[in-house]
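K.L.:
Data: my_file.cif, mmCIF, C-alpha atoms.
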data_work
loop_
_atom_site.label_atom_id
_atom_site.label_comp_id
_atom_site.auth_asym_id
_atom_site.auth_seq_id
_atom_site.Cartn_x
_atom_site.Cartn_y
_atom_site.Cartn_z
CA ALA A 1 111.95 83.99 95.78
CA GLN A 2 111.51 87.42 94.25
CA SER A 3 114.10 89.55 92.48
CA VAL A 4 114.35 92.63 90.31
CA THR A 5 116.79 93.47 87.51
CA GLN A 6 117.09 96.98 86.19
CA LEU A 7 118.75 96.59 82.84
CA ASP A 8 120.43 100.00 82.67
CA SER A 9 122.48 101.56 85.45
CA HIS A 10 122.63 104.92 83.64
CA VAL A 11 120.38 106.53 81.04
CA SER A 12 121.10 109.85 79.37
CA VAL A 13 118.39 111.67 77.42
CA SER A 14 117.90 115.09 75.90
CA GLU A 15 115.18 117.33 77.25
CA GLY A 16 111.96 116.79 75.31
CA THR A 17 112.83 113.26 74.14
CA PRO A 18 111.26 110.00 75.41
CA VAL A 19 112.55 108.17 78.46
CA LEU A 20 112.59 104.37 78.80
CA LEU A 21 113.76 102.62 81.97
CA ARG A 22 113.76 98.84 81.78
CA CYS A 23 112.87 96.47 84.60
CA ASN A 24 112.51 92.68 84.69
CA TYR A 25 111.26 90.82 87.73
CA SER A 26 111.05 87.32 89.12
CA SER A 27 108.24 86.34 91.45
CA SER A 28 106.71 83.05 92.55
CA TYR A 29 103.29 84.61 93.06
CA SER A 30 101.24 87.38 91.52
CA PRO A 31 103.45 90.36 92.25
CA SER A 32 102.83 93.94 93.12
CA LEU A 33 105.24 96.21 91.28
CA PHE A 34 106.27 99.78 91.97
CA TRP A 35 108.51 102.49 90.60
CA TYR A 36 110.09 104.94 93.05
CA VAL A 37 112.16 108.06 92.31
CA GLN A 38 114.91 109.49 94.49
CA HIS A 39 116.17 113.01 93.90
CA PRO A 40 119.55 113.97 95.41
CA ASN A 41 119.37 114.22 99.19
CA LYS A 42 115.64 113.58 99.11
CA GLY A 43 113.50 110.67 100.25
CA LEU A 44 112.04 107.99 98.02
CA GLN A 45 108.81 109.00 96.30
CA LEU A 46 106.30 106.62 94.75
CA LEU A 47 105.82 107.23 91.01
CA LEU A 48 103.29 104.50 90.28
CA LYS A 49 102.15 101.01 91.28
CA TYR A 50 100.73 97.85 89.71
CA THR A 51 98.57 95.63 91.91
CA SER A 52 96.79 93.22 89.48
CA ALA A 53 94.34 95.70 87.99
CA ALA A 54 94.97 97.45 84.65
CA THR A 55 98.25 96.42 83.05
CA LEU A 56 99.00 99.97 81.86
CA VAL A 57 99.57 102.10 84.91
CA LYS A 58 99.73 105.89 84.92
CA GLY A 59 101.70 107.70 87.58
CA ILE A 60 102.71 111.17 88.59
CA ASN A 61 104.62 113.66 86.45
CA GLY A 62 103.61 112.03 83.16
CA PHE A 63 105.22 108.65 83.82
CA GLU A 64 103.56 105.37 82.98
CA ALA A 65 104.50 101.69 83.07
CA GLU A 66 103.18 98.53 81.45
CA PHE A 67 103.01 95.17 83.21
CA LYS A 68 103.78 92.31 80.80
CA LYS A 69 103.44 88.97 82.52
CA SER A 70 104.66 86.96 79.51
CA GLU A 71 107.90 88.98 79.46
CA THR A 72 108.10 89.45 83.28
CA SER A 73 108.72 93.12 82.62
CA PHE A 74 107.55 96.41 84.07
CA HIS A 75 109.24 99.13 82.00
CA LEU A 76 108.81 102.80 82.88
CA THR A 77 108.29 105.41 80.16
CA LYS A 78 107.69 109.12 79.73
CA PRO A 79 107.01 110.71 76.33
CA SER A 80 109.00 113.89 76.93
CA ALA A 81 111.79 114.29 79.49
CA HIS A 82 112.07 117.39 81.63
CA MET A 83 115.16 118.65 83.40
CA SER A 84 113.46 117.92 86.74
CA ASP A 85 113.33 114.21 85.83
CA ALA A 86 117.05 113.88 86.55
CA ALA A 87 117.16 111.46 89.49
CA GLU A 88 117.65 107.83 90.51
CA TYR A 89 114.79 105.46 89.70
CA PHE A 90 114.10 102.16 91.45
CA CYS A 91 111.92 99.28 90.32
CA VAL A 92 110.45 97.35 93.26
CA VAL A 93 108.67 93.98 93.50
CA SER A 94 106.57 92.58 96.32
CA ASP A 95 104.68 89.32 96.62
CA ARG A 96 102.63 87.51 99.23
CA ASP A 97 105.11 84.62 99.45
CA SER A 98 107.62 87.04 100.95
CA TRP A 99 105.28 88.71 103.45
CA GLY A 100 105.07 91.74 101.21
CA LYS A 101 108.82 92.36 101.41
CA LEU A 102 109.77 95.17 99.04
CA GLN A 103 112.71 94.01 96.91
CA PHE A 104 114.53 96.90 95.23
CA GLY A 105 116.47 96.87 91.99
CA ALA A 106 119.93 98.41 91.83
CA GLY A 107 118.58 101.64 90.37
CA THR A 108 118.88 103.60 87.13
CA GLN A 109 120.49 107.03 87.18
CA VAL A 110 118.78 109.37 84.70
CA VAL A 111 120.64 112.36 83.30
CA VAL A 112 118.75 114.96 81.27
CA THR A 113 120.73 117.25 78.99
CA PRO A 114 119.45 120.56 77.62
CA GLU B 115 98.46 113.48 106.57
CA ALA B 116 101.81 113.47 108.33
CA GLY B 117 104.55 111.44 106.68
CA VAL B 118 107.11 109.05 108.12
CA ALA B 119 109.30 110.88 110.60
CA GLN B 120 112.92 109.90 111.22
CA SER B 121 115.60 111.31 113.47
CA PRO B 122 118.33 112.28 113.49
CA ARG B 123 118.92 113.36 109.86
CA TYR B 124 122.69 113.07 110.12
CA LYS B 125 125.04 111.29 112.47
CA ILE B 126 128.81 110.98 112.58
CA ILE B 127 130.37 108.49 114.99
CA GLU B 128 133.67 106.74 115.46
CA LYS B 129 133.97 103.02 114.80
CA ARG B 130 133.10 100.81 117.75
CA GLN B 131 130.69 103.43 119.11
CA SER B 132 126.96 102.81 119.29
CA VAL B 133 124.15 104.71 117.57
CA ALA B 134 120.36 104.63 117.53
CA PHE B 135 117.83 105.79 114.96
CA TRP B 136 114.18 106.52 115.58
CA CYS B 137 111.19 106.21 113.27
CA ASN B 138 107.57 107.21 113.66
CA PRO B 139 105.42 105.70 110.89
CA ILE B 140 102.23 107.05 109.39
CA SER B 141 99.34 106.60 111.80
CA GLY B 142 97.46 103.36 111.21
CA HIS B 143 100.19 101.69 109.18
CA ALA B 144 100.71 98.13 110.34
CA THR B 145 103.88 97.37 108.39
CA LEU B 146 107.18 99.07 109.17
CA TYR B 147 110.46 98.58 107.31
CA TRP B 148 114.07 99.53 107.95
CA TYR B 149 116.30 99.70 104.89
CA GLN B 150 120.03 100.32 104.50
CA GLN B 151 121.12 102.23 101.40
CA ILE B 152 124.84 102.28 100.69
CA LEU B 153 125.99 104.98 98.27
CA GLY B 154 125.34 103.93 94.67
CA GLN B 155 123.18 100.94 95.57
CA GLY B 156 119.49 100.19 95.94
CA PRO B 157 117.99 99.99 99.42
CA LYS B 158 118.45 96.65 101.20
CA LEU B 159 115.84 95.45 103.68
CA LEU B 160 117.20 95.02 107.19
CA ILE B 161 114.02 94.22 109.07
CA GLN B 162 110.25 94.22 108.51
CA PHE B 163 107.65 94.46 111.26
CA GLN B 164 103.99 93.61 111.05
CA ASN B 165 102.46 95.49 113.99
CA ASN B 166 105.00 94.72 116.75
CA GLY B 167 106.11 91.34 115.40
CA VAL B 168 109.10 90.65 113.15
CA VAL B 169 108.25 89.00 109.82
CA ASP B 170 111.66 89.27 108.12
CA ASP B 171 115.07 89.99 109.61
CA SER B 172 117.07 87.64 107.44
CA GLN B 173 119.52 90.35 106.33
CA LEU B 174 119.95 92.04 109.69
CA PRO B 175 123.51 91.57 111.08
CA LYS B 176 122.24 90.42 114.43
CA ASP B 177 125.64 90.44 116.12
CA ARG B 178 125.62 94.26 115.95
CA PHE B 179 122.21 95.45 114.79
CA SER B 180 118.97 95.33 116.77
CA ALA B 181 115.53 96.80 116.24
CA GLU B 182 112.31 96.97 118.15
CA ARG B 183 108.83 98.27 117.57
CA LEU B 184 107.14 98.67 120.90
CA LYS B 185 103.33 98.80 120.96
CA GLY B 186 103.28 98.44 117.17
CA VAL B 187 103.89 102.13 116.54
CA ASP B 188 107.30 103.79 116.46
CA SER B 189 110.55 101.90 116.10
CA THR B 190 114.21 102.13 117.02
CA LEU B 191 117.17 100.68 115.12
CA LYS B 192 120.47 100.34 117.00
CA ILE B 193 124.00 99.55 115.92
CA GLN B 194 126.53 98.47 118.53
CA PRO B 195 129.42 98.50 117.84
CA ALA B 196 129.54 100.36 114.53
CA LYS B 197 131.94 99.45 111.73
CA LEU B 198 133.21 101.58 108.87
CA GLU B 199 131.08 99.59 106.41
CA ASP B 200 127.92 100.65 108.25
CA SER B 201 128.24 104.11 106.69
CA ALA B 202 125.00 104.45 104.74
CA VAL B 203 121.59 106.06 104.71
CA TYR B 204 119.09 104.26 106.95
CA LEU B 205 115.57 104.52 105.63
CA CYS B 206 112.37 103.85 107.51
CA ALA B 207 109.16 103.17 105.63
CA SER B 208 105.63 102.20 106.50
CA SER B 209 102.63 100.79 104.66
CA TYR B 210 99.01 100.19 105.54
CA ARG B 211 99.61 96.46 105.22
CA GLU B 212 101.95 94.13 103.35
CA ASN B 213 101.95 94.28 99.53
CA THR B 214 100.78 97.89 99.42
CA GLU B 215 102.88 100.91 98.60
CA ALA B 216 105.33 102.02 101.24
CA PHE B 217 105.94 105.61 102.26
CA PHE B 218 109.50 106.53 103.12
CA GLY B 219 111.02 108.93 105.59
CA GLN B 220 113.88 111.28 104.69
CA GLY B 221 116.43 108.87 106.10
CA THR B 222 119.36 109.14 108.49
CA ARG B 223 122.78 109.54 106.92
CA LEU B 224 125.32 107.71 109.11
CA THR B 225 129.03 108.26 108.69
CA VAL B 226 131.37 106.00 110.65
CA VAL B 227 134.95 107.30 110.87
#
Produce structure tokens that represent the structure in this file.
P.N.:
Amino acid sequence: AQSVTQLDSHVSVSEGTPVLLRCNYSSSYSPSLFWYVQHPNKGLQLLLKYTSAATLVKGINGFEAEFKKSETSFHLTKPSAHMSDAAEYFCVVSDRDSWGKLQFGAGTQVVVTP
Amino acid sequence: EAGVAQSPRYKIIEKRQSVAFWCNPISGHATLYWYQQILGQGPKLLIQFQNNGVVDDSQLPKDRFSAERLKGVDSTLKIQPAKLEDSAVYLCASSYRENTEAFFGQGTRLTVV
């Protein structure tokens, strides 16, 4: 069975400082991993994905994530936060044992202060 | 490329009434998902279709919820009768096949009063 744990429900950062959103996963097979962002009253948008290629994945808007199999982690980072990064972020796992079911974490709310 | 289309965007109904949501996925996408997102929580999968067959409906409350995907294209999700706890955003998503990234519609915000 697959599962996702997002270790922080809320993260507050100052504009221009680094952002770190932590995600741990459990999967019985080689997983695919994704990060999605949800701005208020907007749909879910894919930030980046890992599908067994390079372990360091670059996404849109300066975000990147590193797949660490030994730590079962897929943390999301950005070197310098922008006010527009304020949103809800979801870590998602999918594996072939579950017919590609997308299992969402509970989400991390990011607040960016001037 | 057109995205995932959902309608309506908003719906307010009284408890015990019925409601239906419609989704048109991206053309050529074999996998279609319906998710329920309650305020402050992550999306929860209700049902997953592969073409017009169901591959996962383990979390669908089958006594009140039903879904179909005729001809493997668009899909309808129905609730009958609705309960107060069904108030949520219902998200439709599609992907080219399983294990690939899913593209989400804007969602339908349901309020049951």
K.L.:
Listing only residues of chain A within 10 Å of chain B, what is the closest atom pair and its distance in Å (to one decimal) for each, using all atoms listed in the file, sorted by chain and residue number ascending, as CSV?
P.N.:
residue,atom,partner,partner_atom,distance
A:Ser9,CA,B:Gly154,CA,9.9
A:Pro31,CA,B:Asn213,CA,8.4
A:Ser32,CA,B:Asn213,CA,6.5
A:Leu33,CA,B:Glu215,CA,9.0
A:Phe34,CA,B:Glu215,CA,7.5
A:Trp35,CA,B:Glu215,CA,9.9
A:Tyr36,CA,B:Ala216,CA,9.9
A:Asn41,CA,B:Gln220,CA,8.3
A:Lys42,CA,B:Gln220,CA,6.3
A:Gly43,CA,B:Gln220,CA,4.5
A:Leu44,CA,B:Phe218,CA,5.9
A:Gln45,CA,B:Phe218,CA,7.3
A:Leu46,CA,B:Phe217,CA,7.6
A:Leu48,CA,B:Glu215,CA,9.1
A:Lys49,CA,B:Glu215,CA,7.4
A:Tyr50,CA,B:Glu215,CA,9.6
A:Thr51,CA,B:Thr214,CA,8.1
A:Glu88,CA,B:Gly156,CA,9.6
A:Tyr89,CA,B:Gly156,CA,9.4
A:Phe90,CA,B:Gly156,CA,7.3
A:Cys91,CA,B:Gly156,CA,9.5
A:Val92,CA,B:Gly156,CA,9.8
A:Val93,CA,B:Asn213,CA,9.0
A:Ser94,CA,B:Asn213,CA,5.9
A:Asp95,CA,B:Asn213,CA,6.4
A:Arg96,CA,B:Asn213,CA,6.8
A:Ser98,CA,B:Asp170,CA,8.5
A:Trp99,CA,B:Glu212,CA,6.4
A:Gly100,CA,B:Asn213,CA,4.4
A:Lys101,CA,B:Glu212,CA,7.4
A:Leu102,CA,B:Leu159,CA,7.6
A:Gln103,CA,B:Leu159,CA,7.6
A:Phe104,CA,B:Gly156,CA,6.0
A:Gly105,CA,B:Gly156,CA,6.0
A:Ala106,CA,B:Gly156,CA,4.5
A:Gly107,CA,B:Gly156,CA,5.8
A:Thr108,CA,B:Gly156,CA,9.5
A:Gln109,CA,B:Gly154,CA,9.4
K.L.:
Run the PyMOL selection byres ((chain A and resi 12) around 12) on the file and write out the hits as number ranges by chain.
P.N.:
A: 8-11, 13-15, 17-21, 81-83, 85-88, 108-114
K.L.:
Selection in question (the file shown): the PyMOL selection byres ((chain A and resi 24) around 8). Which residues does it include, as a list in words?
P.N.:
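Those residues are Val4, Thr5, Gln6, Leu7, Arg22, Cys23, Tyr25, Ser26, Glu71, Thr72, Ser73, Phe74 and His75 of chain A.
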K.L.:
Would you compute the distance between CA of Gln120 in chain B and CA of Asp177 in chain B? Give it in Å to one decimal.
P.N.:
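CA of Asp177 in chain B lies 23.8 Å from CA of Gln120 in chain B.
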K.L.:
Quick one, how far is CA of Ser189 in chain B from CA of Ser172 in chain B?
P.N.:
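That distance, rounded to one decimal, is 17.9 Å.
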K.L.:
In Å, with one decimal, what is the gap from CA of Ser52 in chain A to CA of Val187 in chain B?
P.N.:
29.4 Å
K.L.:
Name the residues that the PyMOL selection byres ((chain A and resi 59) around 6) picks from the file above, as a VMD selection string, using the file's chain letters and numbers.
P.N.:
chain A and resid 47 to 48 58 60 63 to 64
K.L.:
Those same residues, written as a PDB file, in the frame of the given file with C-alpha atoms?
P.N.:
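See part31.pdb below for the written result:
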ATOM      1  CA  LEU A  47     105.820 107.230  91.010  1.00  0.00           C
ATOM      2  CA  LEU A  48     103.290 104.500  90.280  1.00  0.00           C
ATOM      3  CA  LYS A  58      99.730 105.890  84.920  1.00  0.00           C
ATOM      4  CA  ILE A  60     102.710 111.170  88.590  1.00  0.00           C
ATOM      5  CA  PHE A  63     105.220 108.650  83.820  1.00  0.00           C
ATOM      6  CA  GLU A  64     103.560 105.370  82.980  1.00  0.00           C
TER       7      GLU A  64
END
K.L.:
When you look at Thr225 in chain B with a cut-off of 10 Å (counting all atoms listed in the file), what residues show up, excluding the ones that are within fewer than 5 positions of it in the same chain? I need them as a ChimeraX atom specification.
P.N.:
/B:124-129,196-203
K.L.:
From the options B:Val118, B:Ile193, B:Val168, B:Leu224, which residue's atoms come nearest to Ile140 in chain B, counting only C-alpha atoms?
P.N.:
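Ranked by minimum distance to Ile140 in chain B, first place goes to B:Val118.
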